[in-house]
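Okay, final.cif now, which holds mmCIF, C-alpha atoms:
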data_final
loop_
_atom_site.group_PDB
_atom_site.id
_atom_site.type_symbol
_atom_site.label_atom_id
_atom_site.label_comp_id
_atom_site.auth_asym_id
_atom_site.auth_seq_id
_atom_site.Cartn_x
_atom_site.Cartn_y
_atom_site.Cartn_z
ATOM 1 C CA MET A 8 49.281 115.311 83.703
ATOM 2 C CA GLU A 9 49.873 114.593 87.405
ATOM 3 C CA LYS A 10 51.441 111.178 86.892
ATOM 4 C CA SER A 11 53.524 112.546 83.995
ATOM 5 C CA LEU A 12 54.846 115.284 86.273
ATOM 6 C CA ILE A 13 55.713 112.757 88.998
ATOM 7 C CA PHE A 14 57.566 110.602 86.472
ATOM 8 C CA LEU A 15 59.369 113.619 85.063
ATOM 9 C CA CYS A 16 60.555 114.682 88.542
ATOM 10 C CA ILE A 17 61.728 111.148 89.415
ATOM 11 C CA SER A 18 63.521 110.691 86.084
ATOM 12 C CA CYS A 19 65.247 114.086 86.068
ATOM 13 C CA THR A 20 66.351 113.650 89.684
ATOM 14 C CA HIS A 21 67.661 110.203 88.771
ATOM 15 C CA LEU A 22 69.673 111.699 85.907
ATOM 16 C CA LEU A 23 71.042 114.502 88.104
ATOM 17 C CA PHE A 24 72.080 112.114 90.886
ATOM 18 C CA SER A 25 73.704 109.778 88.324
ATOM 19 C CA ILE A 26 75.896 112.661 87.134
ATOM 20 C CA ILE A 27 76.830 113.476 90.757
ATOM 21 C CA VAL A 28 77.768 109.838 91.406
ATOM 22 C CA ILE A 29 80.003 109.710 88.317
ATOM 23 C CA CYS A 30 81.822 112.799 89.602
ATOM 24 C CA THR A 31 82.377 111.367 93.100
ATOM 25 C CA VAL A 32 82.991 107.597 92.825
ATOM 26 C CA PRO A 33 86.578 106.752 93.902
ATOM 27 C CA ILE A 34 87.835 104.503 91.074
ATOM 28 C CA ILE A 35 86.621 106.367 88.002
ATOM 29 C CA ASN A 36 87.955 109.634 89.434
ATOM 30 C CA GLY A 37 91.335 108.120 90.344
ATOM 31 C CA ASP A 38 91.048 108.834 94.078
ATOM 32 C CA ILE A 39 92.347 105.371 95.068
ATOM 33 C CA ASN A 40 95.967 104.677 94.195
ATOM 34 C CA ASN A 41 96.424 101.853 91.667
ATOM 35 C CA ALA A 42 92.663 101.221 91.522
ATOM 36 C CA SER A 43 92.862 101.546 87.740
ATOM 37 C CA ASN A 44 94.519 98.087 87.780
ATOM 38 C CA TRP A 45 91.847 96.395 89.894
ATOM 39 C CA GLY A 46 89.961 95.240 86.815
ATOM 40 C CA GLU A 47 93.020 93.237 85.694
ATOM 41 C CA LEU A 48 93.444 91.297 88.944
ATOM 42 C CA ASN A 49 93.680 87.520 88.626
ATOM 43 C CA CYS A 50 91.517 86.256 91.493
ATOM 44 C CA GLN A 51 91.387 82.786 89.983
ATOM 45 C CA TYR A 52 95.053 82.389 90.963
ATOM 46 C CA TYR A 53 94.085 82.315 94.656
ATOM 47 C CA ARG A 54 91.287 79.806 94.063
ATOM 48 C CA ASP A 55 93.696 77.524 92.229
ATOM 49 C CA SER A 56 96.346 78.013 94.930
ATOM 50 C CA ILE A 57 93.882 77.074 97.680
ATOM 51 C CA LYS A 58 92.945 73.902 95.829
ATOM 52 C CA TYR A 59 96.605 73.087 95.082
ATOM 53 C CA TYR A 60 98.025 73.619 98.587
ATOM 54 C CA ARG A 61 95.078 71.886 100.241
ATOM 55 C CA GLU A 62 96.357 68.689 98.624
ATOM 56 C CA LYS A 63 100.036 69.353 99.455
ATOM 57 C CA GLN A 64 101.786 67.942 102.498
ATOM 58 C CA PHE A 65 103.133 70.559 104.925
ATOM 59 C CA LEU A 66 105.639 69.923 107.676
ATOM 60 C CA ASP A 67 103.088 71.221 110.175
ATOM 61 C CA LYS A 68 99.299 70.834 109.765
ATOM 62 C CA ILE A 69 98.562 73.974 111.761
ATOM 63 C CA ILE A 70 100.894 75.972 109.518
ATOM 64 C CA LYS A 71 99.056 74.551 106.515
ATOM 65 C CA GLU A 72 95.677 75.709 107.832
ATOM 66 C CA GLU A 73 97.058 79.159 108.627
ATOM 67 C CA TYR A 74 98.464 79.515 105.129
ATOM 68 C CA LEU A 75 95.206 78.367 103.525
ATOM 69 C CA GLU A 76 93.381 80.937 105.645
ATOM 70 C CA LEU A 77 95.728 83.656 104.370
ATOM 71 C CA LEU A 78 95.046 82.593 100.785
ATOM 72 C CA GLU A 79 91.311 82.612 101.463
ATOM 73 C CA ASN A 80 91.505 86.147 102.894
ATOM 74 C CA GLU A 81 93.535 87.310 99.897
ATOM 75 C CA LYS A 82 90.962 85.781 97.540
ATOM 76 C CA LYS A 83 88.189 87.707 99.282
ATOM 77 C CA PHE A 84 90.294 90.887 99.148
ATOM 78 C CA CYS A 85 90.857 90.381 95.422
ATOM 79 C CA ASP A 86 87.165 89.655 94.781
ATOM 80 C CA ARG A 87 86.134 92.828 96.612
ATOM 81 C CA LYS A 88 88.440 95.021 94.557
ATOM 82 C CA LYS A 89 87.662 93.449 91.199
ATOM 83 C CA GLY A 90 83.945 93.368 91.924
ATOM 84 C CA MET A 91 83.866 97.008 92.948
ATOM 85 C CA TYR A 92 85.848 98.028 89.856
ATOM 86 C CA GLY A 93 83.515 96.327 87.407
ATOM 87 C CA LEU A 94 80.344 97.372 89.208
ATOM 88 C CA GLU A 95 81.418 101.001 89.516
ATOM 89 C CA TYR A 96 81.844 101.406 85.781
ATOM 90 C CA SER A 97 78.777 99.364 84.833
ATOM 91 C CA SER A 98 76.430 100.879 87.437
ATOM 92 C CA CYS A 99 77.447 104.467 86.622
ATOM 93 C CA ILE A 100 76.986 103.952 82.874
ATOM 94 C CA ILE A 101 73.704 102.037 83.236
ATOM 95 C CA GLU A 102 72.222 104.507 85.737
ATOM 96 C CA LEU A 103 73.178 107.423 83.488
ATOM 97 C CA ILE A 104 71.483 105.749 80.503
ATOM 98 C CA ILE A 105 68.400 104.942 82.592
ATOM 99 C CA GLY A 106 68.176 108.508 83.879
ATOM 100 C CA PHE A 107 68.553 109.985 80.400
ATOM 101 C CA LYS A 108 66.109 107.587 78.711
ATOM 102 C CA CYS A 109 63.435 107.914 81.413
ATOM 103 C CA SER A 110 63.807 111.702 81.492
ATOM 104 C CA LEU A 111 63.344 111.863 77.736
ATOM 105 C CA LEU A 112 60.251 109.616 77.810
ATOM 106 C CA SER A 113 58.796 111.542 80.748
ATOM 107 C CA LEU A 114 59.367 114.843 78.946
ATOM 108 C CA PHE A 115 57.525 113.565 75.870
ATOM 109 C CA HIS A 116 54.541 112.396 77.898
ATOM 110 C CA TYR A 117 54.482 115.555 79.996
ATOM 111 C CA PHE A 118 53.876 117.526 76.793
ATOM 112 C CA ASP A 119 51.415 114.871 75.512
ATOM 113 C CA VAL A 120 53.768 113.584 72.821
ATOM 114 C CA GLY A 121 53.323 109.868 72.024
ATOM 115 C CA LYS A 122 50.208 109.440 74.141
ATOM 116 C CA ASP A 123 49.431 106.052 72.580
ATOM 117 C CA PHE A 124 52.863 104.801 73.636
ATOM 118 C CA GLU A 125 52.404 105.681 77.325
ATOM 119 C CA LYS A 126 51.639 102.167 78.619
ATOM 120 C CA LYS A 127 54.639 100.662 76.827
ATOM 121 C CA SER A 128 56.700 103.559 78.173
ATOM 122 C CA GLY A 129 55.569 102.664 81.696
ATOM 123 C CA LEU A 130 56.754 99.084 81.180
ATOM 124 C CA ILE A 131 60.128 100.291 79.839
ATOM 125 C CA ARG A 132 60.626 102.521 82.855
ATOM 126 C CA ALA A 133 59.624 99.751 85.268
ATOM 127 C CA ILE A 134 62.152 97.378 83.676
ATOM 128 C CA CYS A 135 64.806 100.106 83.802
ATOM 129 C CA GLY A 136 64.022 100.594 87.489
ATOM 130 C CA ILE A 137 64.424 96.879 88.221
ATOM 131 C CA VAL A 138 67.774 96.676 86.399
ATOM 132 C CA GLY A 139 69.018 99.888 88.008
ATOM 133 C CA PHE A 140 67.884 98.797 91.485
ATOM 134 C CA PHE A 141 69.789 95.525 91.497
ATOM 135 C CA ILE A 142 73.020 96.808 89.972
ATOM 136 C CA SER A 143 73.052 99.809 92.345
ATOM 137 C CA LEU A 144 72.349 97.581 95.341
ATOM 138 C CA ILE A 145 75.221 95.227 94.490
ATOM 139 C CA TYR A 146 77.601 98.136 93.897
ATOM 140 C CA ILE A 147 76.697 99.717 97.244
ATOM 141 C CA ILE A 148 77.485 96.413 98.988
ATOM 142 C CA TYR A 149 80.907 96.102 97.318
ATOM 143 C CA SER A 150 81.758 99.775 97.833
ATOM 144 C CA CYS A 151 80.873 99.596 101.541
ATOM 145 C CA LEU A 152 82.896 96.382 101.966
ATOM 146 C CA VAL A 153 86.048 97.983 100.524
ATOM 147 C CA PHE A 154 85.361 101.233 102.427
ATOM 148 C CA THR A 155 85.103 99.477 105.806
ATOM 149 C CA HIS A 156 87.494 96.506 105.405
ATOM 150 C CA ASP A 157 90.421 97.891 103.395
ATOM 151 C CA GLY A 158 92.693 100.912 103.486
ATOM 152 C CA PRO A 159 94.885 103.070 101.249
ATOM 153 C CA GLY A 160 97.838 101.236 99.749
ATOM 154 C CA LYS A 161 96.799 97.827 101.047
ATOM 155 C CA TYR A 162 98.678 95.005 99.368
ATOM 156 C CA ASN A 163 99.242 91.424 100.510
ATOM 157 C CA ASN A 164 101.964 89.055 99.386
ATOM 158 C CA VAL A 165 101.387 85.404 100.224
ATOM 159 C CA SER A 166 103.389 83.910 97.373
ATOM 160 C CA ASN A 167 105.875 81.976 99.548
ATOM 161 C CA PRO A 168 104.145 78.986 101.184
ATOM 162 C CA PRO A 169 105.900 77.726 104.364
ATOM 163 C CA ILE A 170 105.604 74.076 103.319
ATOM 164 C CA LEU A 171 108.840 72.981 104.991
ATOM 165 C CA SER A 172 108.639 75.331 107.938
ATOM 166 C CA THR A 173 107.340 75.123 111.487
ATOM 167 C CA SER A 174 106.955 78.891 111.715
ATOM 168 C CA SER A 175 103.568 80.530 111.220
ATOM 169 C CA PRO A 176 103.229 82.222 107.827
ATOM 170 C CA SER A 177 103.645 85.971 107.925
ATOM 171 C CA PRO A 178 102.189 87.743 104.879
ATOM 172 C CA LEU A 179 103.775 90.964 103.740
ATOM 173 C CA ILE A 180 101.051 93.563 104.210
ATOM 174 C CA TYR A 181 101.608 97.081 102.963
ATOM 175 C CA TYR A 182 99.487 100.073 103.877
ATOM 176 C CA ASP A 183 100.041 103.793 103.458
ATOM 177 C CA ILE A 184 98.698 104.898 106.852
ATOM 178 C CA PHE A 185 98.987 103.481 110.371
ATOM 179 C CA LYS A 186 96.015 103.512 112.724
ATOM 180 C CA LEU A 187 96.374 106.395 115.175
ATOM 181 C CA ASP A 188 94.616 107.716 118.241
ATOM 182 C CA LYS A 189 92.828 111.082 118.055
ATOM 183 C CA ASP A 190 96.026 112.897 119.094
ATOM 184 C CA ARG A 191 98.159 110.857 116.623
ATOM 185 C CA SER A 192 99.613 108.618 119.322
ATOM 186 C CA ILE A 193 100.559 105.130 118.199
ATOM 187 C CA ALA A 194 102.181 103.645 121.338
ATOM 188 C CA LYS A 195 102.032 104.162 125.113
ATOM 189 C CA TRP A 196 104.680 103.509 127.753
ATOM 190 C CA ASP A 197 103.942 100.510 129.988
ATOM 191 C CA SER A 198 105.869 100.990 133.232
ATOM 192 C CA SER A 199 105.307 97.400 134.352
ATOM 193 C CA LYS A 200 106.816 95.967 131.146
ATOM 194 C CA LYS A 201 109.362 98.770 130.702
ATOM 195 C CA GLN A 202 108.459 99.165 127.050
ATOM 196 C CA TYR A 203 106.120 100.987 124.690
ATOM 197 C CA ILE A 204 102.990 99.092 123.724
ATOM 198 C CA CYS A 205 101.389 99.923 120.383
ATOM 199 C CA LEU A 206 97.768 100.897 120.888
ATOM 200 C CA TYR A 207 96.258 99.052 117.936
ATOM 201 C CA PHE A 208 98.664 96.198 117.348
ATOM 202 C CA LYS A 209 97.205 92.701 117.560
ATOM 203 C CA GLU A 210 99.315 89.611 117.073
ATOM 204 C CA ASN A 211 98.584 87.888 113.743
ATOM 205 C CA VAL A 212 95.922 90.488 112.866
ATOM 206 C CA GLU A 213 97.936 92.853 110.674
ATOM 207 C CA ASP A 214 94.861 94.740 109.449
ATOM 208 C CA SER A 215 94.175 96.033 112.961
ATOM 209 C CA PHE A 216 97.368 98.123 112.831
ATOM 210 C CA TYR A 217 96.386 100.198 109.807
ATOM 211 C CA ALA A 218 93.773 102.825 108.996
ATOM 212 C CA LYS A 219 90.841 101.905 106.767
ATOM 213 C CA TYR A 220 89.202 104.148 104.196
ATOM 214 C CA LYS A 221 86.386 104.743 106.676
ATOM 215 C CA ASP A 222 88.916 106.328 109.075
ATOM 216 C CA LEU A 223 90.313 108.892 106.640
ATOM 217 C CA GLY A 224 87.813 111.585 107.619
ATOM 218 C CA LEU A 225 89.173 111.770 111.191
ATOM 219 C CA LYS A 226 91.349 114.715 112.174
ATOM 220 C CA GLN A 227 94.413 112.571 112.987
ATOM 221 C CA TYR A 228 94.761 111.630 109.301
ATOM 222 C CA ASN A 229 94.489 115.189 107.956
ATOM 223 C CA TYR A 230 95.803 118.682 108.470
ATOM 224 C CA HIS A 231 94.458 120.063 111.738
ATOM 225 C CA LYS A 232 95.471 123.245 113.536
ATOM 226 C CA ASP A 233 95.826 121.389 116.859
ATOM 227 C CA PHE A 234 98.878 119.580 115.494
ATOM 228 C CA PHE A 235 100.592 122.704 114.173
ATOM 229 C CA LEU A 236 99.405 125.841 115.993
ATOM 230 C CA ASN A 237 99.357 124.596 119.568
ATOM 231 C CA ASP A 238 102.608 124.445 121.527
ATOM 232 C CA GLY A 239 101.075 121.773 123.708
ATOM 233 C CA ASN A 240 101.470 119.330 120.835
ATOM 234 C CA ALA A 241 105.226 119.723 120.525
ATOM 235 C CA ASP A 242 105.459 116.139 121.775
ATOM 236 C CA ILE A 243 104.349 115.000 118.339
ATOM 237 C CA GLN A 244 107.687 116.134 116.918
ATOM 238 C CA LYS A 245 109.949 115.168 119.827
ATOM 239 C CA CYS A 246 108.288 111.838 120.570
ATOM 240 C CA ASN A 247 107.878 110.741 116.959
ATOM 241 C CA ILE A 248 108.172 106.962 116.633
ATOM 242 C CA LYS A 249 109.920 107.358 113.272
ATOM 243 C CA ASP A 250 112.867 108.992 115.028
ATOM 244 C CA HIS A 251 113.245 106.318 117.705
ATOM 245 C CA ASN A 252 112.444 102.926 116.233
ATOM 246 C CA GLN A 253 115.372 100.542 115.885
ATOM 247 C CA HIS A 254 113.746 98.082 113.496
ATOM 248 C CA SER A 255 113.377 98.112 109.736
ATOM 249 C CA SER A 256 109.743 99.179 109.974
ATOM 250 C CA ILE A 257 107.279 100.601 112.480
ATOM 251 C CA TYR A 258 105.242 97.399 112.194
ATOM 252 C CA GLU A 259 108.288 95.396 113.334
ATOM 253 C CA GLU A 260 108.795 97.964 116.087
ATOM 254 C CA CYS A 261 105.320 97.255 117.447
ATOM 255 C CA LYS A 262 105.674 93.512 116.940
ATOM 256 C CA ASP A 263 108.828 93.462 119.075
ATOM 257 C CA PRO A 264 108.925 96.785 120.968
ATOM 258 C CA LYS A 265 111.552 95.900 123.592
ATOM 259 C CA ILE A 266 113.994 98.658 122.716
ATOM 260 C CA TYR A 267 113.621 100.665 125.930
ATOM 261 C CA THR A 268 114.376 98.301 128.772
ATOM 262 C CA ASN A 269 115.821 101.129 130.831
ATOM 263 C CA GLU A 270 113.838 104.164 132.021
ATOM 264 C CA ASN A 271 116.730 106.495 131.185
ATOM 265 C CA ASP A 272 116.781 105.367 127.561
ATOM 266 C CA ARG A 273 113.287 106.643 126.842
ATOM 267 C CA PRO A 274 113.023 109.684 124.527
ATOM 268 C CA SER A 275 112.189 113.054 126.082
ATOM 269 C CA ASN A 276 109.994 115.947 124.980
ATOM 270 C CA ASN A 277 110.814 119.683 124.886
ATOM 271 C CA GLU A 278 110.506 119.929 128.671
ATOM 272 C CA ASN A 279 112.927 117.037 129.164
ATOM 273 C CA LYS A 280 110.105 114.852 130.405
ATOM 274 C CA LYS A 281 110.039 111.242 129.335
ATOM 275 C CA CYS A 282 107.603 110.615 126.484
ATOM 276 C CA GLU A 283 104.492 108.949 127.810
ATOM 277 C CA TYR A 284 103.308 108.358 124.253
ATOM 278 C CA LEU A 285 105.023 107.872 120.915
ATOM 279 C CA TYR A 286 103.387 109.660 117.995
ATOM 280 C CA PHE A 287 103.392 109.291 114.238
ATOM 281 C CA ASP A 288 103.843 112.393 112.112
ATOM 282 C CA ASP A 289 104.234 112.165 108.362
ATOM 283 C CA GLU A 290 103.506 114.095 105.169
ATOM 284 C CA SER A 291 100.879 111.499 104.181
ATOM 285 C CA ILE A 292 98.579 112.711 106.985
ATOM 286 C CA ASN A 293 99.409 116.415 107.022
ATOM 287 C CA GLY A 294 97.420 117.431 103.949
ATOM 288 C CA ILE A 295 93.733 117.441 103.031
ATOM 289 C CA ASN A 296 93.783 114.594 100.499
ATOM 290 C CA ASN A 297 92.561 111.905 102.914
ATOM 291 C CA LYS A 298 89.558 114.005 103.953
ATOM 292 C CA TYR A 299 88.875 114.720 100.278
ATOM 293 C CA ILE A 300 88.826 110.991 99.415
ATOM 294 C CA TYR A 301 86.605 110.238 102.418
ATOM 295 C CA ASN A 302 84.088 112.984 101.607
ATOM 296 C CA LYS A 303 83.796 112.015 97.931
ATOM 297 C CA TRP A 304 83.407 108.326 98.718
ATOM 298 C CA ILE A 305 80.696 108.977 101.325
ATOM 299 C CA THR A 306 78.958 111.332 98.883
ATOM 300 C CA SER A 307 78.937 108.662 96.168
ATOM 301 C CA ILE A 308 77.443 106.071 98.549
ATOM 302 C CA ILE A 309 74.746 108.501 99.716
ATOM 303 C CA PHE A 310 73.693 109.564 96.227
ATOM 304 C CA ILE A 311 73.692 106.068 94.760
ATOM 305 C CA SER A 312 71.474 105.088 97.719
ATOM 306 C CA PHE A 313 69.127 107.890 96.648
ATOM 307 C CA ILE A 314 69.220 106.471 93.111
ATOM 308 C CA LEU A 315 68.280 103.093 94.573
ATOM 309 C CA CYS A 316 65.127 104.675 96.025
ATOM 310 C CA LEU A 317 64.388 106.489 92.759
ATOM 311 C CA ASN A 318 64.621 103.152 90.924
ATOM 312 C CA ILE A 319 61.937 101.826 93.265
ATOM 313 C CA GLY A 320 59.857 104.867 92.275
ATOM 314 C CA LEU A 321 60.360 104.031 88.610
ATOM 315 C CA ILE A 322 59.215 100.451 89.227
ATOM 316 C CA ILE A 323 56.107 101.445 91.202
ATOM 317 C CA PHE A 324 54.930 104.249 88.922
ATOM 318 C CA GLY A 325 55.891 102.304 85.803
ATOM 319 C CA PHE A 326 53.586 99.423 86.702
ATOM 320 C CA TRP A 327 50.973 101.908 87.919
ATOM 321 C CA ILE A 328 50.790 103.450 84.443
ATOM 322 C CA LEU A 329 50.739 99.977 82.910
ATOM 323 C CA ILE A 330 47.689 98.748 84.826
ATOM 324 C CA ILE A 331 45.473 101.872 84.870
#
What would you get if you wrote out this structure as structure tokens?
Amino acid sequence: MEKSLIFLCISCTHLLFSIIVICTVPIINGDINNASNWGELNCQYYRDSIKYYREKQFLDKIIKEEYLELLENEKKFCDRKKGMYGLEYSSCIIELIIGFKCSLLSLFHYFDVGKDFEKKSGLIRAICGIVGFFISLIYIIYSCLVFTHDGPGKYNNVSNPPILSTSSPSPLIYYDIFKLDKDRSIAKWDSSKKQYICLYFKENVEDSFYAKYKDLGLKQYNYHKDFFLNDGNADIQKCNIKDHNQHSSIYEECKDPKIYTNENDRPSNNENKKCEYLYFDDESINGINNKYIYNKWITSIIFISFILCLNIGLIIFGFWILII
């Protein structure tokens, strides 16, 4: 009776956590924009392109290596998305089936139904635990990779190889949200250079300039009373980089920020003081959606980690029943 009760508790908890995971994972629930298309991505295209352009002659060998590196990064990006998509659906379905089947078997044995089938039932549950463990482990790895390496709206375009160029390739990278400091500042005035320097911009490292999914829980990417109910933050509106950039995009502004070469040209705040910082204020970070996505994603990772441990329990107790 004791081992049947332990199995019943493990199996029912497994089933409950599987339901919670299905309700919180980001792709199935449509929390990530365009993630419904990740399963249709053609990652083989990048593998073929790498092989093709490796054999092509470029005007500059360094440019060739840089372009091949961009293709390699895009291949990894594609593999992460497609892998997470497939594993999210398969792991959620398999874990739900495992939880339901093991709960049903455990319930039968708890009430002494099918006593002669108990050893075979232990083997079934051990095998289910092994399958569930590995598929959950792989999904956690992919989910954490996308969560920490990528961000909302990320899209790369490396379709134009600079074969006959001596200029470094510049991929078109699109994100929804820029990386911001805790007070939503994006650039600081450098008096020695007489220009604003973007806080997170790194030359040839476009990803450094944008927020990742792991950042979305921070207050600067969500509604917060400090940005709306405190007069001390009026600078956010007056010193908004969107109102003062002279380039086609804020990324280009940070790449070549020499628009204020004269102290008198700098924007001023409500007190007519020159803006020490430039801020970013936009509807995309003034709601609660980013925090909602972050919380659900973290919840799914936590609970599928619990399921991973419960699968170990199924393996251990399954073989325990088999050998005693």
Which residue of A:Ile147, A:Ile142, A:Ile170, A:Leu12 approaches Tyr60 in chain A most closely, using only C-alpha atoms: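 Distance minimum relative to Tyr60 in chain A lands on A:Ile170.
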For Ser110 in chain A: contacts at 9 Å, only C-alpha atoms, fewer than 2 positions along chain excluded, given as a count of residues only: 17
Could you give me, as a PyMOL selection string, the residues within 9 Å of range 185-195 of chain A, counting only C-alpha atoms and dropping anything in the same chain fewer than 3 positions from it? chain A and resi 182+202-207+215-219+222+225-228+233-234+240+243+247-248+258+261+282-288
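Using only C-alpha atoms, the nearest neighbour of Pro159 in chain A within the list A:Ile300, A:Cys109, A:Cys99, A:Leu94 is A:Ile300.
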What's around Leu152 in chain A at 10 Å? Count only C-alpha atoms, leave out sequence neighbours fewer than 3 positions away in its own chain, and write the answer as an MDAnalysis selection string. chainID A and resid 84 87:88 91 146:149 155:157
Would you mind exporting C-alpha atoms of the selected residues as a PDB file, keeping the file's coordinate frame?
ATOM      1  CA  PHE A  84      90.294  90.887  99.148  1.00  0.00           C
ATOM      2  CA  ARG A  87      86.134  92.828  96.612  1.00  0.00           C
ATOM      3  CA  LYS A  88      88.440  95.021  94.557  1.00  0.00           C
ATOM      4  CA  MET A  91      83.866  97.008  92.948  1.00  0.00           C
ATOM      5  CA  TYR A 146      77.601  98.136  93.897  1.00  0.00           C
ATOM      6  CA  ILE A 147      76.697  99.717  97.244  1.00  0.00           C
ATOM      7  CA  ILE A 148      77.485  96.413  98.988  1.00  0.00           C
ATOM      8  CA  TYR A 149      80.907  96.102  97.318  1.00  0.00           C
ATOM      9  CA  THR A 155      85.103  99.477 105.806  1.00  0.00           C
ATOM     10  CA  HIS A 156      87.494  96.506 105.405  1.00  0.00           C
ATOM     11  CA  ASP A 157      90.421  97.891 103.395  1.00  0.00           C
TER      12      ASP A 157
END
For range 285-298 of chain A, I'd like the enclosing box, axis-aligned and padded by 3 Å on every side, reported as AutoDock Vina command-line options with centre and edge lengths in Å to one decimal.
--center_x 97.3 --center_y 112.7 --center_z 110.7 --size_x 21.5 --size_y 15.6 --size_z 26.4
Written as a PyMOL selection string, what is the full residue list that the PyMOL selection byres ((chain A and resi 327) around 12) yields on the file shown? chain A and resi 10-11+13-14+125-130+132-133+320-326+328-331
For the residues selected in the previous step, produce a file with C-alpha atoms as a PDB file, in the frame of the given file.
ATOM      1  CA  LYS A  10      51.441 111.178  86.892  1.00  0.00           C
ATOM      2  CA  SER A  11      53.524 112.546  83.995  1.00  0.00           C
ATOM      3  CA  ILE A  13      55.713 112.757  88.998  1.00  0.00           C
ATOM      4  CA  PHE A  14      57.566 110.602  86.472  1.00  0.00           C
ATOM      5  CA  GLU A 125      52.404 105.681  77.325  1.00  0.00           C
ATOM      6  CA  LYS A 126      51.639 102.167  78.619  1.00  0.00           C
ATOM      7  CA  LYS A 127      54.639 100.662  76.827  1.00  0.00           C
ATOM      8  CA  SER A 128      56.700 103.559  78.173  1.00  0.00           C
ATOM      9  CA  GLY A 129      55.569 102.664  81.696  1.00  0.00           C
ATOM     10  CA  LEU A 130      56.754  99.084  81.180  1.00  0.00           C
ATOM     11  CA  ARG A 132      60.626 102.521  82.855  1.00  0.00           C
ATOM     12  CA  ALA A 133      59.624  99.751  85.268  1.00  0.00           C
ATOM     13  CA  GLY A 320      59.857 104.867  92.275  1.00  0.00           C
ATOM     14  CA  LEU A 321      60.360 104.031  88.610  1.00  0.00           C
ATOM     15  CA  ILE A 322      59.215 100.451  89.227  1.00  0.00           C
ATOM     16  CA  ILE A 323      56.107 101.445  91.202  1.00  0.00           C
ATOM     17  CA  PHE A 324      54.930 104.249  88.922  1.00  0.00           C
ATOM     18  CA  GLY A 325      55.891 102.304  85.803  1.00  0.00           C
ATOM     19  CA  PHE A 326      53.586  99.423  86.702  1.00  0.00           C
ATOM     20  CA  ILE A 328      50.790 103.450  84.443  1.00  0.00           C
ATOM     21  CA  LEU A 329      50.739  99.977  82.910  1.00  0.00           C
ATOM     22  CA  ILE A 330      47.689  98.748  84.826  1.00  0.00           C
ATOM     23  CA  ILE A 331      45.473 101.872  84.870  1.00  0.00           C
TER      24      ILE A 331
END
Name the residues that the PyMOL selection byres ((chain A and resi 298) around 12) pulls out of this structure, and write them as a list in words.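 Taken on the displayed file, the PyMOL selection byres ((chain A and resi 298) around 12) yields the residues Asp38, Tyr220, Lys221, Asp222, Leu223, Gly224, Leu225, Lys226, Gln227, Tyr228, Asn229, Tyr230, His231, Ser291, Ile292, Asn293, Gly294, Ile295, Asn296, Asn297, Tyr299, Ile300, Tyr301, Asn302, Lys303, Trp304 and Ile305 of chain A.
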Find the residue from A:Ser166, A:Glu102, A:Phe208, A:Glu73 that sits nearest to Cys135 in chain A; use all atoms listed in the file when measuring.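 Nearest to Cys135 in chain A: A:Glu102.
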For Ser143 in chain A, please output as a PyMOL selection string all residues within 12 Å (counting only C-alpha atoms; exclusion window: fewer than 4 positions along the same chain). chain A and resi 25+28+91+94-103+105+135-139+147-150+307-319
May I have the residues from that selection written out with C-alpha atoms, as a short mmCIF file (atom, residue, chain, number, x, y, z; two decimals), in the coordinates of the input?
data_model
loop_
_atom_site.label_atom_id
_atom_site.label_comp_id
_atom_site.auth_asym_id
_atom_site.auth_seq_id
_atom_site.Cartn_x
_atom_site.Cartn_y
_atom_site.Cartn_z
CA SER A 25 73.70 109.78 88.32
CA VAL A 28 77.77 109.84 91.41
CA MET A 91 83.87 97.01 92.95
CA LEU A 94 80.34 97.37 89.21
CA GLU A 95 81.42 101.00 89.52
CA TYR A 96 81.84 101.41 85.78
CA SER A 97 78.78 99.36 84.83
CA SER A 98 76.43 100.88 87.44
CA CYS A 99 77.45 104.47 86.62
CA ILE A 100 76.99 103.95 82.87
CA ILE A 101 73.70 102.04 83.24
CA GLU A 102 72.22 104.51 85.74
CA LEU A 103 73.18 107.42 83.49
CA ILE A 105 68.40 104.94 82.59
CA CYS A 135 64.81 100.11 83.80
CA GLY A 136 64.02 100.59 87.49
CA ILE A 137 64.42 96.88 88.22
CA VAL A 138 67.77 96.68 86.40
CA GLY A 139 69.02 99.89 88.01
CA ILE A 147 76.70 99.72 97.24
CA ILE A 148 77.48 96.41 98.99
CA TYR A 149 80.91 96.10 97.32
CA SER A 150 81.76 99.78 97.83
CA SER A 307 78.94 108.66 96.17
CA ILE A 308 77.44 106.07 98.55
CA ILE A 309 74.75 108.50 99.72
CA PHE A 310 73.69 109.56 96.23
CA ILE A 311 73.69 106.07 94.76
CA SER A 312 71.47 105.09 97.72
CA PHE A 313 69.13 107.89 96.65
CA ILE A 314 69.22 106.47 93.11
CA LEU A 315 68.28 103.09 94.57
CA CYS A 316 65.13 104.68 96.02
CA LEU A 317 64.39 106.49 92.76
CA ASN A 318 64.62 103.15 90.92
CA ILE A 319 61.94 101.83 93.26
#
When you count only C-alpha atoms, which of these residues is closest to Val165 in chain A: A:Leu48, A:Ile57, A:Val212, A:Ile69?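 Selected residue with least distance to Val165 in chain A: A:Ile57.
Computed from the coordinates, the CA of Cys85 in chain A to CA of Ile26 in chain A distance equals 28.1 Å.
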Ranking A:Ser172, A:Ser256, A:Asn279, A:Asn44 by minimum distance to Gln64 in chain A and counting all atoms listed in the file, which one comes first?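 Answer, going by the shortest atom-to-atom distance: A:Ser172.
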Straight-line distance linking CA of Ile70 in chain A with CA of Tyr53 in chain A, stated in Å to one decimal: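 Between CA of Ile70 in chain A and CA of Tyr53 in chain A the gap is 17.5 Å.
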